[in-house]
>>> print(open('final_16.txt').read())   # compact mmCIF, C-alpha atoms
# COMPACT_ATOMS: atom_id res chain seq x y z
CA MET M 13 91.02 -46.65 21.43
CA SER M 14 92.47 -43.75 23.32
CA ARG M 15 92.40 -42.96 26.93
CA LYS M 16 93.12 -39.81 28.93
CA HIS M 17 95.24 -40.51 32.02
CA GLN M 18 95.72 -36.97 33.23
CA HIS M 19 93.87 -36.96 36.53
CA GLY M 20 95.27 -38.63 39.66
CA SER M 21 94.12 -38.83 43.24
CA SER M 22 95.50 -36.43 45.83
CA GLY M 23 95.15 -39.08 48.54
CA VAL M 24 98.23 -41.11 47.57
CA ASN M 25 99.46 -43.92 49.81
CA ARG M 26 103.10 -43.07 50.46
CA ARG M 27 104.04 -46.51 51.80
CA THR M 28 105.68 -47.82 48.65
CA LEU M 29 107.39 -44.51 47.88
CA LEU M 30 108.99 -44.54 51.32
CA LYS M 31 110.22 -48.07 50.73
CA GLY M 32 111.99 -46.83 47.60
CA ALA M 33 113.47 -43.92 49.51
CA ALA M 34 114.74 -46.29 52.18
CA GLY M 35 116.40 -48.39 49.48
CA ALA M 36 118.05 -45.30 48.07
CA ALA M 37 119.33 -44.39 51.53
CA ALA M 38 120.84 -47.85 51.95
CA GLY M 39 122.53 -47.47 48.57
CA ALA M 40 123.93 -44.11 49.62
CA SER M 41 125.43 -45.74 52.74
CA ALA M 42 127.17 -48.33 50.60
CA LEU M 43 128.57 -45.59 48.39
CA THR M 44 129.94 -43.75 51.42
CA THR M 45 131.94 -46.88 52.26
CA ALA M 46 133.16 -47.17 48.69
CA ILE M 47 134.28 -43.53 48.67
CA ALA M 48 136.20 -44.07 51.90
CA GLN M 49 137.89 -47.11 50.41
CA ALA M 50 138.91 -45.15 47.33
CA SER M 51 140.38 -42.31 49.41
CA THR M 52 142.54 -44.67 51.47
CA GLY M 53 143.75 -46.71 48.55
CA THR M 54 141.65 -49.69 49.55
CA PRO M 55 140.25 -51.49 46.48
CA GLY M 56 136.56 -50.77 46.07
CA PHE M 57 133.89 -49.93 43.49
CA TYR M 58 132.98 -46.26 43.30
CA VAL M 59 129.98 -44.90 41.44
CA ASN M 60 128.68 -41.40 41.99
CA LEU M 61 124.92 -41.70 41.67
CA ARG M 62 124.61 -37.92 41.52
CA GLN M 63 126.89 -37.42 38.53
CA ASP M 64 125.39 -36.22 35.26
CA GLN M 65 124.32 -39.26 33.27
CA GLY M 66 122.42 -37.38 30.61
CA GLU M 67 118.66 -37.36 30.17
CA VAL M 68 115.62 -39.36 29.18
CA VAL M 69 112.89 -37.46 27.34
CA THR M 70 109.43 -38.81 28.09
CA TYR M 71 106.08 -38.32 26.36
CA ASN M 72 103.35 -40.25 28.06
CA PHE M 73 100.01 -41.10 29.61
CA TYR M 74 99.97 -41.45 33.45
CA GLN M 75 101.48 -37.99 33.93
CA PRO M 76 100.82 -37.65 37.72
CA TRP M 77 102.54 -40.96 38.44
CA ILE M 78 105.52 -40.32 36.18
CA ALA M 79 105.95 -36.88 37.73
CA GLU M 80 105.82 -38.44 41.22
CA VAL M 81 108.50 -41.09 40.65
CA ALA M 82 110.81 -39.17 38.29
CA PRO M 83 112.73 -37.42 41.14
CA MET M 84 113.49 -40.80 42.72
CA PHE M 85 114.84 -42.12 39.42
CA GLU M 86 116.96 -39.00 39.00
CA GLU M 87 118.38 -39.36 42.52
CA GLU M 88 119.22 -43.03 42.02
CA THR M 89 120.71 -42.81 38.53
CA GLY M 90 121.85 -39.25 37.85
CA ILE M 91 119.68 -39.31 34.70
CA LYS M 92 117.48 -36.25 34.26
CA VAL M 93 113.84 -36.93 33.32
CA ASN M 94 112.59 -34.29 30.92
CA GLN M 95 108.89 -34.50 30.16
CA LEU M 96 108.04 -33.46 26.64
CA GLY M 97 104.42 -33.44 27.75
CA ALA M 98 101.44 -35.71 28.05
CA TYR M 99 99.01 -36.81 25.37
CA SER M 100 95.36 -37.78 25.61
CA SER M 101 95.23 -40.17 22.66
CA ASN M 102 97.60 -42.46 20.81
CA ASP M 103 97.28 -40.58 17.55
CA GLU M 104 99.16 -37.65 19.13
CA TRP M 105 102.43 -39.55 19.62
CA TRP M 106 101.84 -41.30 16.30
CA ALA M 107 101.76 -37.97 14.46
CA ARG M 108 104.98 -36.81 16.15
CA LEU M 109 106.85 -40.00 15.27
CA GLN M 110 105.54 -39.97 11.71
CA ALA M 111 106.95 -36.44 11.46
CA GLY M 112 110.36 -37.71 12.62
CA GLU M 113 110.35 -36.07 16.06
CA SER M 114 112.59 -37.52 18.76
CA PHE M 115 111.82 -38.55 22.34
CA ASP M 116 113.05 -41.50 24.36
CA PHE M 117 110.13 -43.11 26.13
CA PHE M 118 106.36 -43.33 25.72
CA ILE M 119 103.34 -45.47 26.64
CA PRO M 120 101.40 -46.83 23.64
CA THR M 121 98.48 -49.25 23.82
CA THR M 122 98.84 -52.74 22.36
CA ASP M 123 96.91 -52.14 19.14
CA TRP M 124 98.98 -49.03 18.38
CA VAL M 125 102.19 -50.91 19.20
CA GLN M 126 101.33 -53.33 16.42
CA ARG M 127 100.79 -50.47 13.99
CA ALA M 128 104.04 -48.83 15.09
CA MET M 129 106.01 -52.07 14.62
CA ALA M 130 104.63 -52.42 11.11
CA ALA M 131 105.58 -48.81 10.36
CA ASP M 132 109.11 -49.29 11.80
CA LEU M 133 108.61 -46.54 14.39
CA LEU M 134 109.95 -48.44 17.43
CA HIS M 135 113.41 -49.11 18.81
CA GLU M 136 114.20 -52.76 19.49
CA LEU M 137 114.38 -53.47 23.24
CA ASP M 138 117.27 -55.31 24.87
CA THR M 139 115.39 -57.21 27.58
CA GLU M 140 118.67 -58.09 29.28
CA GLN M 141 118.83 -54.41 30.26
CA ILE M 142 115.33 -54.72 31.75
CA PRO M 143 115.68 -57.48 34.39
CA ASN M 144 112.51 -56.34 36.17
CA ILE M 145 110.55 -57.79 33.27
CA SER M 146 110.61 -60.94 35.40
CA ASN M 147 108.06 -59.23 37.70
CA LEU M 148 105.38 -59.55 35.02
CA VAL M 149 102.84 -62.34 34.77
CA GLU M 150 104.68 -65.07 32.88
CA GLU M 151 102.56 -64.92 29.73
CA PHE M 152 103.54 -61.27 29.25
CA GLN M 153 107.28 -61.60 29.80
CA ALA M 154 107.95 -62.59 26.18
CA ASN M 155 104.63 -62.23 24.40
CA GLU M 156 104.69 -62.53 20.61
CA ILE M 157 102.15 -59.70 20.30
CA TYR M 158 104.99 -57.29 21.08
CA GLN M 159 107.59 -59.01 18.95
CA ARG M 160 108.63 -58.99 15.31
CA GLU M 161 111.10 -61.47 13.88
CA GLY M 162 111.91 -62.59 17.41
CA ASN M 163 112.77 -59.09 18.63
CA THR M 164 110.81 -57.31 21.38
CA TYR M 165 109.53 -53.77 20.84
CA ALA M 166 107.31 -53.08 23.87
CA ILE M 167 106.86 -54.20 27.48
CA PRO M 168 103.26 -54.75 28.72
CA PHE M 169 102.37 -52.71 31.77
CA THR M 170 98.77 -51.98 32.74
CA ARG M 171 95.52 -53.67 31.77
CA VAL M 172 92.47 -51.46 31.25
CA TYR M 173 89.02 -53.08 31.42
CA TYR M 174 86.16 -51.46 29.49
CA CYS M 175 83.75 -52.80 32.03
CA LEU M 176 80.12 -52.42 33.08
CA THR M 177 79.85 -49.79 35.81
CA TYR M 178 76.77 -49.53 38.01
CA ASN M 179 75.31 -47.49 40.87
CA THR M 180 75.35 -49.49 44.11
CA ASN M 181 72.31 -47.63 45.45
CA GLU M 182 70.33 -48.73 42.41
CA PHE M 183 71.66 -52.30 42.14
CA SER M 184 71.95 -54.55 45.19
CA GLU M 185 74.01 -56.96 43.07
CA ALA M 186 76.17 -56.45 40.03
CA PRO M 187 74.28 -56.75 36.71
CA THR M 188 75.26 -59.91 34.88
CA SER M 189 74.78 -58.88 31.24
CA TRP M 190 75.32 -55.95 28.90
CA GLU M 191 71.60 -56.34 28.20
CA VAL M 192 70.97 -54.05 31.18
CA THR M 193 72.12 -51.12 29.04
CA TRP M 194 69.11 -51.80 26.81
CA ASP M 195 66.67 -52.03 29.74
CA GLU M 196 63.88 -49.45 29.41
CA ALA M 197 63.59 -49.36 33.21
CA TYR M 198 66.79 -47.28 33.21
CA SER M 199 65.91 -45.10 30.23
CA GLY M 200 67.59 -41.69 30.51
CA ARG M 201 70.02 -43.00 33.16
CA ILE M 202 72.36 -45.02 30.93
CA THR M 203 75.65 -43.88 29.43
CA MET M 204 78.08 -45.45 26.98
CA GLN M 205 81.35 -44.34 25.41
CA ASP M 206 81.24 -42.42 22.15
CA ASN M 207 83.72 -44.68 20.38
CA ALA M 208 83.14 -46.93 17.38
CA GLN M 209 85.18 -49.90 18.59
CA ALA M 210 83.76 -49.72 22.10
CA ARG M 211 80.16 -49.54 20.90
CA ILE M 212 80.36 -52.12 18.14
CA GLY M 213 82.74 -54.47 19.96
CA THR M 214 80.62 -54.57 23.11
CA THR M 215 77.41 -55.09 21.12
CA ALA M 216 79.10 -57.90 19.21
CA LEU M 217 79.98 -59.54 22.53
CA LEU M 218 76.33 -59.32 23.59
CA LEU M 219 75.25 -61.01 20.35
CA GLY M 220 77.88 -63.73 20.61
CA ASP M 221 79.86 -62.28 17.69
CA ASP M 222 83.60 -61.61 17.43
CA PRO M 223 84.19 -58.07 18.80
CA LEU M 224 87.42 -57.68 16.82
CA ASN M 225 86.07 -59.04 13.54
CA PRO M 226 82.26 -58.81 13.60
CA THR M 227 80.04 -60.54 11.07
CA MET M 228 76.57 -59.60 12.39
CA TRP M 229 76.64 -56.02 11.10
CA ASP M 230 72.89 -55.67 10.52
CA GLU M 231 72.02 -57.00 13.98
CA ILE M 232 74.62 -54.73 15.57
CA ARG M 233 73.21 -51.70 13.76
CA GLU M 234 69.68 -52.57 14.93
CA ARG M 235 70.67 -53.04 18.58
CA LEU M 236 72.75 -49.84 18.68
CA THR M 237 69.90 -47.83 17.17
CA GLU M 238 67.57 -49.20 19.86
CA GLN M 239 70.03 -48.30 22.60
CA MET M 240 70.55 -44.71 21.46
CA GLY M 241 67.02 -43.79 22.50
CA LEU M 242 67.67 -44.97 26.06
CA LEU M 243 70.91 -43.10 26.72
CA ARG M 244 71.24 -39.98 28.80
CA THR M 245 74.50 -39.16 27.08
CA LEU M 246 77.52 -40.53 25.29
CA TRP M 247 80.79 -39.64 26.96
CA THR M 248 84.05 -38.94 25.17
CA ASP M 249 86.27 -37.74 28.03
CA TYR M 250 87.08 -40.21 30.81
CA GLN M 251 86.84 -37.57 33.50
CA GLN M 252 83.37 -36.65 32.25
CA GLY M 253 82.34 -40.32 32.20
CA MET M 254 83.47 -40.78 35.79
CA GLU M 255 81.82 -37.60 37.05
CA ILE M 256 78.36 -38.39 35.71
CA PHE M 257 78.50 -41.70 37.59
CA VAL M 258 79.81 -40.12 40.80
CA ASN M 259 77.12 -37.42 40.61
CA GLU M 260 74.47 -40.12 40.02
CA GLU M 261 73.31 -38.58 36.77
CA VAL M 262 73.47 -42.13 35.38
CA VAL M 263 73.17 -45.49 37.11
CA VAL M 264 74.59 -47.99 34.62
CA GLY M 265 76.77 -48.09 31.54
CA GLN M 266 80.30 -48.49 30.27
CA LEU M 267 83.39 -46.99 31.88
CA THR M 268 86.91 -48.21 32.56
CA ALA M 269 87.54 -50.13 35.77
CA GLY M 270 90.31 -47.66 36.62
CA ARG M 271 88.01 -44.67 36.41
CA THR M 272 85.36 -46.56 38.36
CA ARG M 273 87.84 -47.25 41.17
CA MET M 274 88.87 -43.60 41.07
CA GLY M 275 85.22 -42.60 41.40
CA MET M 276 84.77 -45.02 44.29
CA ALA M 277 87.75 -43.45 46.07
CA ALA M 278 86.09 -40.04 45.59
CA GLY M 279 83.00 -41.32 47.41
CA GLY M 280 80.85 -42.27 44.43
CA PRO M 281 78.29 -45.05 45.06
CA ILE M 282 79.56 -47.12 42.15
CA ASN M 283 81.30 -50.38 41.37
CA TRP M 284 82.31 -52.37 38.30
CA THR M 285 81.96 -55.85 36.91
CA VAL M 286 82.70 -57.93 33.83
CA PRO M 287 79.36 -59.17 32.40
CA GLU M 288 78.90 -62.80 31.44
CA GLU M 289 79.50 -61.95 27.78
CA GLY M 290 82.90 -60.45 28.65
CA CYS M 291 84.49 -57.07 28.01
CA LEU M 292 87.18 -55.47 25.90
CA THR M 293 90.55 -54.91 27.53
CA PHE M 294 93.45 -52.74 26.44
CA ILE M 295 97.02 -53.17 27.64
CA ASP M 296 99.30 -50.15 27.85
CA THR M 297 102.99 -50.75 27.27
CA PHE M 298 106.39 -49.14 27.66
CA ALA M 299 108.27 -48.49 24.43
CA ILE M 300 111.17 -46.53 22.93
CA PRO M 301 110.79 -44.71 19.60
CA ARG M 302 113.20 -45.50 16.79
CA THR M 303 114.17 -41.81 16.82
CA ALA M 304 115.26 -41.90 20.50
CA GLU M 305 118.56 -40.18 21.21
CA ASN M 306 118.98 -41.78 24.66
CA PRO M 307 117.84 -45.40 24.28
CA GLU M 308 120.11 -46.75 27.03
CA ASN M 309 118.68 -44.30 29.55
CA ALA M 310 115.19 -45.20 28.35
CA HIS M 311 115.94 -48.87 29.07
CA ARG M 312 116.96 -47.92 32.61
CA PHE M 313 113.78 -45.89 33.05
CA ILE M 314 111.59 -48.78 31.90
CA ASP M 315 113.35 -51.15 34.28
CA PHE M 316 112.85 -48.66 37.11
CA LEU M 317 109.11 -48.34 36.39
CA LEU M 318 108.76 -52.14 36.47
CA ARG M 319 109.99 -52.29 40.06
CA PRO M 320 107.21 -53.68 42.29
CA ASP M 321 107.10 -50.67 44.61
CA ILE M 322 107.04 -48.19 41.73
CA THR M 323 104.28 -50.02 39.83
CA ALA M 324 102.30 -50.44 43.05
CA LEU M 325 102.42 -46.68 43.48
CA GLU M 326 100.85 -46.30 40.03
CA MET M 327 98.02 -48.62 41.09
CA GLU M 328 97.42 -46.56 44.23
CA MET M 329 97.58 -43.23 42.38
CA MET M 330 95.95 -43.96 39.03
CA TYR M 331 93.78 -47.00 39.93
CA TYR M 332 94.69 -48.96 36.79
CA ASP M 333 95.37 -52.67 37.02
CA THR M 334 98.73 -54.14 36.07
CA VAL M 335 100.25 -57.28 34.59
CA ASN M 336 103.10 -56.81 37.08
CA GLU M 337 102.48 -59.72 39.43
CA ALA M 338 105.13 -58.66 41.95
CA ALA M 339 103.55 -55.20 42.28
CA ARG M 340 100.25 -56.72 43.36
CA GLN M 341 102.04 -58.27 46.33
CA GLU M 342 103.04 -54.77 47.46
CA LEU M 343 99.43 -53.65 47.92
CA ASP M 344 97.50 -53.68 51.17
CA PRO M 345 94.86 -56.46 51.01
CA GLU M 346 91.96 -53.97 51.04
CA ILE M 347 93.43 -52.14 48.05
CA ALA M 348 94.35 -55.34 46.21
CA GLU M 349 90.76 -56.55 46.52
CA GLN M 350 89.56 -53.67 44.32
CA PHE M 351 91.59 -55.06 41.43
CA GLU M 352 90.19 -58.59 41.53
CA VAL M 353 88.50 -59.63 38.26
CA PRO M 354 85.44 -61.93 38.43
CA GLU M 355 86.55 -65.55 38.16
CA GLY M 356 86.30 -66.93 34.64
CA ALA M 357 85.74 -63.49 33.09
CA ASN M 358 85.99 -63.31 29.30
CA LEU M 359 88.62 -60.62 28.78
CA VAL M 360 89.08 -59.83 25.09
CA LEU M 361 92.44 -58.18 24.45
CA SER M 362 92.05 -55.53 21.79
CA THR M 363 94.71 -55.89 19.14
CA ASP M 364 95.12 -53.93 15.93
CA LEU M 365 92.00 -54.25 13.79
CA ASP M 366 92.05 -55.05 10.12
CA ALA M 367 91.91 -51.73 8.27
CA GLN M 368 88.67 -52.68 6.51
CA VAL M 369 87.04 -53.67 9.82
CA ARG M 370 88.16 -50.40 11.44
CA THR M 371 86.67 -48.39 8.56
CA GLN M 372 83.42 -50.35 8.66
CA MET M 373 83.11 -49.78 12.41
CA ASP M 374 83.65 -46.04 12.02
CA GLU M 375 81.10 -45.81 9.22
CA LEU M 376 78.47 -47.83 11.07
CA TRP M 377 78.86 -45.85 14.31
CA THR M 378 78.59 -42.56 12.43
CA GLU M 379 75.45 -43.85 10.72
CA VAL M 380 73.88 -44.85 14.05
CA LYS M 381 74.60 -41.48 15.67
CA LEU M 382 73.12 -39.60 12.74
CA SER M 383 70.00 -41.77 12.52
>>> encode(input="final_16.txt", output="structure tokens")
Amino acid sequence: MSRKHQHGSSGVNRRTLLKGAAGAAAGASALTTAIAQASTGTPGFYVNLRQDQGEVVTYNFYQPWIAEVAPMFEEETGIKVNQLGAYSSNDEWWARLQAGESFDFFIPTTDWVQRAMAADLLHELDTEQIPNISNLVEEFQANEIYQREGNTYAIPFTRVYYCLTYNTNEFSEAPTSWEVTWDEAYSGRITMQDNAQARIGTTALLLGDDPLNPTMWDEIRERLTEQMGLLRTLWTDYQQGMEIFVNEEVVVGQLTAGRTRMGMAAGGPINWTVPEEGCLTFIDTFAIPRTAENPENAHRFIDFLLRPDITALEMEMMYYDTVNEAARQELDPEIAEQFEVPEGANLVLSTDLDAQVRTQMDELWTEVKLS
């Protein structure tokens, strides 16, 4: 499933950025001492942070955040960050790598990481060069999902919840079930994502079926056909999905938790929840293509992005949750509260689907839309 992370908030909390700047200033002071030692013959370690250390070519989601922190990385390391551009779906970077193009760093989702590992498109990561991996929740520090033959090929970063979003003027309490998106009382005010895996996976959850390997195909088809008549619209673009909630054109439906938080920050009367049946989650990762010309610099960039203050800035700018436990500690309590997941929530991590299942989902969803 693809996501478009192109729109950030202009009201960025600068607290964590200033912390990083202060750290850089302290480092500069230490270097001044080292330079003085070198000039007087006193033994010392001299490193010029501003010297040319080459480049790292990035191609990524989260463009506003990467653009915000890149100058700090350049100042601290002497490595120039050159952005190849930003993509709106995973198949864009996939096509470039399949064509043999070279860049050094990108942000694939977990399911696409698994495909890329199988296709030998990724550069093995040396986790010893990425000490900030220790900031992650323990289960993600060396997760076999991102490994092949004991080698690591991606570092988990953010967790995206495909949650149930609702209008707080319409609902005094959060709805407890996906069944609300079939409620005729809200006919014409419901929206869902126009995506086969999202539609079929969520319906499978409602029916108690496996969302990643469904068996109740007939029941899923029947329920989706029923729901189509109740929808105001299907959204394909995340910005569009957020705006129709903020503008109160719809009052309940599916959106990402990150976009819901972004809409809340913009003044929208909305909130999000994980229904009792659960929801699909997608984890974005940091990875290096096999074709990278600057893999060492890419390792340094990944380690930099995993710093608590840098990841916390992403949370404040882009509103997406993280598996970086240390970064959560950097947030003000009021901000951190927005990222709390309901206790005991059933979070289904979307991994790469069996090719036959993926095809069957696509065919069924096309059939439902055309019916």
>>> atom_distance(input="final_16.txt", atom1="atom CA of Asp222 of chain M", atom2="atom CA of Asn155 of chain M")
22.2 Å
>>> residues_around(input="final_16.txt", residues="Leu242 of chain M", least_positions_apart="4", cutoff="8 Å", atoms="only C-alpha atoms", output="PyMOL selection string")
chain M and resi 194+196+198-202+238
>>> residues_near_point(input="final_16.txt", point="(107.7, -53.4, 20.2)", cutoff="10 Å", atoms="all atoms listed in the file", output="number ranges by chain")
M: 120, 122, 124-130, 132-137, 156-160, 163-168, 297-301
>>> residues_around(input="final_16.txt", residues="segment 227-236 of chain M", least_positions_apart="2", cutoff="8 Å", atoms="only C-alpha atoms", output="list in words")
Arg211, Ile212, Thr215, Ala216, Leu219, Asp221, Asp222, Asn225, Glu238, Gln239, Met240, Leu376 and Val380 of chain M
>>> residues_around(input="final_16.txt", residues="segment 96-113 of chain M", least_positions_apart="3", cutoff="12 Å", atoms="all atoms listed in the file", output="ChimeraX atom specification")
/M:13-19,67-79,93,116-125,127-129,131-135,248-251,296-297,299-305
>>> write_last_selection(input="final_16.txt", atoms="C-alpha atoms", output="PDB file, in the coordinates of the input")
ATOM      1  CA  MET M  13      91.020 -46.650  21.430  1.00  0.00           C
ATOM      2  CA  SER M  14      92.470 -43.750  23.320  1.00  0.00           C
ATOM      3  CA  ARG M  15      92.400 -42.960  26.930  1.00  0.00           C
ATOM      4  CA  LYS M  16      93.120 -39.810  28.930  1.00  0.00           C
ATOM      5  CA  HIS M  17      95.240 -40.510  32.020  1.00  0.00           C
ATOM      6  CA  GLN M  18      95.720 -36.970  33.230  1.00  0.00           C
ATOM      7  CA  HIS M  19      93.870 -36.960  36.530  1.00  0.00           C
ATOM      8  CA  GLU M  67     118.660 -37.360  30.170  1.00  0.00           C
ATOM      9  CA  VAL M  68     115.620 -39.360  29.180  1.00  0.00           C
ATOM     10  CA  VAL M  69     112.890 -37.460  27.340  1.00  0.00           C
ATOM     11  CA  THR M  70     109.430 -38.810  28.090  1.00  0.00           C
ATOM     12  CA  TYR M  71     106.080 -38.320  26.360  1.00  0.00           C
ATOM     13  CA  ASN M  72     103.350 -40.250  28.060  1.00  0.00           C
ATOM     14  CA  PHE M  73     100.010 -41.100  29.610  1.00  0.00           C
ATOM     15  CA  TYR M  74      99.970 -41.450  33.450  1.00  0.00           C
ATOM     16  CA  GLN M  75     101.480 -37.990  33.930  1.00  0.00           C
ATOM     17  CA  PRO M  76     100.820 -37.650  37.720  1.00  0.00           C
ATOM     18  CA  TRP M  77     102.540 -40.960  38.440  1.00  0.00           C
ATOM     19  CA  ILE M  78     105.520 -40.320  36.180  1.00  0.00           C
ATOM     20  CA  ALA M  79     105.950 -36.880  37.730  1.00  0.00           C
ATOM     21  CA  VAL M  93     113.840 -36.930  33.320  1.00  0.00           C
ATOM     22  CA  ASP M 116     113.050 -41.500  24.360  1.00  0.00           C
ATOM     23  CA  PHE M 117     110.130 -43.110  26.130  1.00  0.00           C
ATOM     24  CA  PHE M 118     106.360 -43.330  25.720  1.00  0.00           C
ATOM     25  CA  ILE M 119     103.340 -45.470  26.640  1.00  0.00           C
ATOM     26  CA  PRO M 120     101.400 -46.830  23.640  1.00  0.00           C
ATOM     27  CA  THR M 121      98.480 -49.250  23.820  1.00  0.00           C
ATOM     28  CA  THR M 122      98.840 -52.740  22.360  1.00  0.00           C
ATOM     29  CA  ASP M 123      96.910 -52.140  19.140  1.00  0.00           C
ATOM     30  CA  TRP M 124      98.980 -49.030  18.380  1.00  0.00           C
ATOM     31  CA  VAL M 125     102.190 -50.910  19.200  1.00  0.00           C
ATOM     32  CA  ARG M 127     100.790 -50.470  13.990  1.00  0.00           C
ATOM     33  CA  ALA M 128     104.040 -48.830  15.090  1.00  0.00           C
ATOM     34  CA  MET M 129     106.010 -52.070  14.620  1.00  0.00           C
ATOM     35  CA  ALA M 131     105.580 -48.810  10.360  1.00  0.00           C
ATOM     36  CA  ASP M 132     109.110 -49.290  11.800  1.00  0.00           C
ATOM     37  CA  LEU M 133     108.610 -46.540  14.390  1.00  0.00           C
ATOM     38  CA  LEU M 134     109.950 -48.440  17.430  1.00  0.00           C
ATOM     39  CA  HIS M 135     113.410 -49.110  18.810  1.00  0.00           C
ATOM     40  CA  THR M 248      84.050 -38.940  25.170  1.00  0.00           C
ATOM     41  CA  ASP M 249      86.270 -37.740  28.030  1.00  0.00           C
ATOM     42  CA  TYR M 250      87.080 -40.210  30.810  1.00  0.00           C
ATOM     43  CA  GLN M 251      86.840 -37.570  33.500  1.00  0.00           C
ATOM     44  CA  ASP M 296      99.300 -50.150  27.850  1.00  0.00           C
ATOM     45  CA  THR M 297     102.990 -50.750  27.270  1.00  0.00           C
ATOM     46  CA  ALA M 299     108.270 -48.490  24.430  1.00  0.00           C
ATOM     47  CA  ILE M 300     111.170 -46.530  22.930  1.00  0.00           C
ATOM     48  CA  PRO M 301     110.790 -44.710  19.600  1.00  0.00           C
ATOM     49  CA  ARG M 302     113.200 -45.500  16.790  1.00  0.00           C
ATOM     50  CA  THR M 303     114.170 -41.810  16.820  1.00  0.00           C
ATOM     51  CA  ALA M 304     115.260 -41.900  20.500  1.00  0.00           C
ATOM     52  CA  GLU M 305     118.560 -40.180  21.210  1.00  0.00           C
TER      53      GLU M 305
END
>>> closest_residue(input="final_16.txt", among="M:Leu246, M:Ala269, M:Val192, M:Met84", to="Asn207 of chain M", atoms="all atoms listed in the file")
M:Leu246
>>> closest_residue(input="final_16.txt", among="M:Glu161, M:Asp374, M:Met327, M:Val264", to="Asp195 of chain M", atoms="all atoms listed in the file")
M:Val264
>>> closest_residue(input="final_16.txt", among="M:Glu86, M:Asp333, M:Glu326, M:Glu151", to="Phe313 of chain M", atoms="all atoms listed in the file")
M:Glu86
>>> atom_distance(input="final_16.txt", atom1="atom CA of Ile314 of chain M", atom2="atom CA of Asn336 of chain M")
12.8 Å
>>> axis_aligned_box(input="final_16.txt", around="segment 334-353 of chain M", padding_each_side="3 Å", output="JSON")
{"center_x": 96.8, "center_y": -55.9, "center_z": 42.9, "size_x": 22.6, "size_y": 13.6, "size_z": 22.6}
>>> residues_around(input="final_16.txt", residues="Pro281 of chain M", least_positions_apart="4", cutoff="7 Å", atoms="all atoms listed in the file", output="JSON, numbers by chain")
{"M": [179, 180, 181, 258, 276]}
>>> write_last_selection(input="final_16.txt", atoms="C-alpha atoms", output="PDB file, in the frame of the given file")
ATOM      1  CA  ASN M 179      75.310 -47.490  40.870  1.00  0.00           C
ATOM      2  CA  THR M 180      75.350 -49.490  44.110  1.00  0.00           C
ATOM      3  CA  ASN M 181      72.310 -47.630  45.450  1.00  0.00           C
ATOM      4  CA  VAL M 258      79.810 -40.120  40.800  1.00  0.00           C
ATOM      5  CA  MET M 276      84.770 -45.020  44.290  1.00  0.00           C
TER       6      MET M 276
END
>>> atom_distance(input="final_16.txt", atom1="atom CA of Gly213 of chain M", atom2="atom CA of Leu382 of chain M")
19.1 Å
>>> residues_around(input="final_16.txt", residues="Gln141 of chain M", least_positions_apart="5", cutoff="12 Å", atoms="all atoms listed in the file", output="VMD selection string")
chain M and resid 136 146 307 to 316
>>> write_last_selection(input="final_16.txt", atoms="C-alpha atoms", output="PDB file, in the frame of the given file")
ATOM      1  CA  GLU M 136     114.200 -52.760  19.490  1.00  0.00           C
ATOM      2  CA  SER M 146     110.610 -60.940  35.400  1.00  0.00           C
ATOM      3  CA  PRO M 307     117.840 -45.400  24.280  1.00  0.00           C
ATOM      4  CA  GLU M 308     120.110 -46.750  27.030  1.00  0.00           C
ATOM      5  CA  ASN M 309     118.680 -44.300  29.550  1.00  0.00           C
ATOM      6  CA  ALA M 310     115.190 -45.200  28.350  1.00  0.00           C
ATOM      7  CA  HIS M 311     115.940 -48.870  29.070  1.00  0.00           C
ATOM      8  CA  ARG M 312     116.960 -47.920  32.610  1.00  0.00           C
ATOM      9  CA  PHE M 313     113.780 -45.890  33.050  1.00  0.00           C
ATOM     10  CA  ILE M 314     111.590 -48.780  31.900  1.00  0.00           C
ATOM     11  CA  ASP M 315     113.350 -51.150  34.280  1.00  0.00           C
ATOM     12  CA  PHE M 316     112.850 -48.660  37.110  1.00  0.00           C
TER      13      PHE M 316
END
>>> closest_residue(input="final_16.txt", among="M:Asp206, M:Glu328, M:Glu260, M:Glu375", to="Trp247 of chain M", atoms="all atoms listed in the file")
M:Asp206
>>> closest_residue(input="final_16.txt", among="M:Phe351, M:Phe152, M:Phe294, M:Tyr178", to="Ala210 of chain M", atoms="all atoms listed in the file")
M:Phe294
>>> decode(input="final_16.txt", residues="segment 283-288 of chain M", atoms="N, CA and C atoms", output="PDB file, in the first residue's frame")
ATOM      1  N   ASN M 283     -10.927  12.753  15.384  1.00  0.00           N
ATOM      2  CA  ASN M 283     -10.020  11.968  16.203  1.00  0.00           C
ATOM      3  C   ASN M 283      -9.950  10.582  15.587  1.00  0.00           C
ATOM      4  N   TRP M 284      -9.121   9.713  16.154  1.00  0.00           N
ATOM      5  CA  TRP M 284      -8.944   8.380  15.588  1.00  0.00           C
ATOM      6  C   TRP M 284      -8.982   7.330  16.683  1.00  0.00           C
ATOM      7  N   THR M 285      -9.251   6.100  16.277  1.00  0.00           N
ATOM      8  CA  THR M 285      -9.251   4.992  17.209  1.00  0.00           C
ATOM      9  C   THR M 285      -8.931   3.700  16.460  1.00  0.00           C
ATOM     10  N   VAL M 286      -8.590   2.675  17.209  1.00  0.00           N
ATOM     11  CA  VAL M 286      -8.446   1.329  16.646  1.00  0.00           C
ATOM     12  C   VAL M 286      -9.661   0.532  17.101  1.00  0.00           C
ATOM     13  N   PRO M 287     -10.555   0.129  16.189  1.00  0.00           N
ATOM     14  CA  PRO M 287     -11.752  -0.622  16.571  1.00  0.00           C
ATOM     15  C   PRO M 287     -11.410  -1.953  17.232  1.00  0.00           C
ATOM     16  N   GLU M 288     -12.390  -2.556  17.856  1.00  0.00           N
ATOM     17  CA  GLU M 288     -12.171  -3.793  18.589  1.00  0.00           C
ATOM     18  C   GLU M 288     -11.661  -4.917  17.691  1.00  0.00           C
TER      19      GLU M 288
END
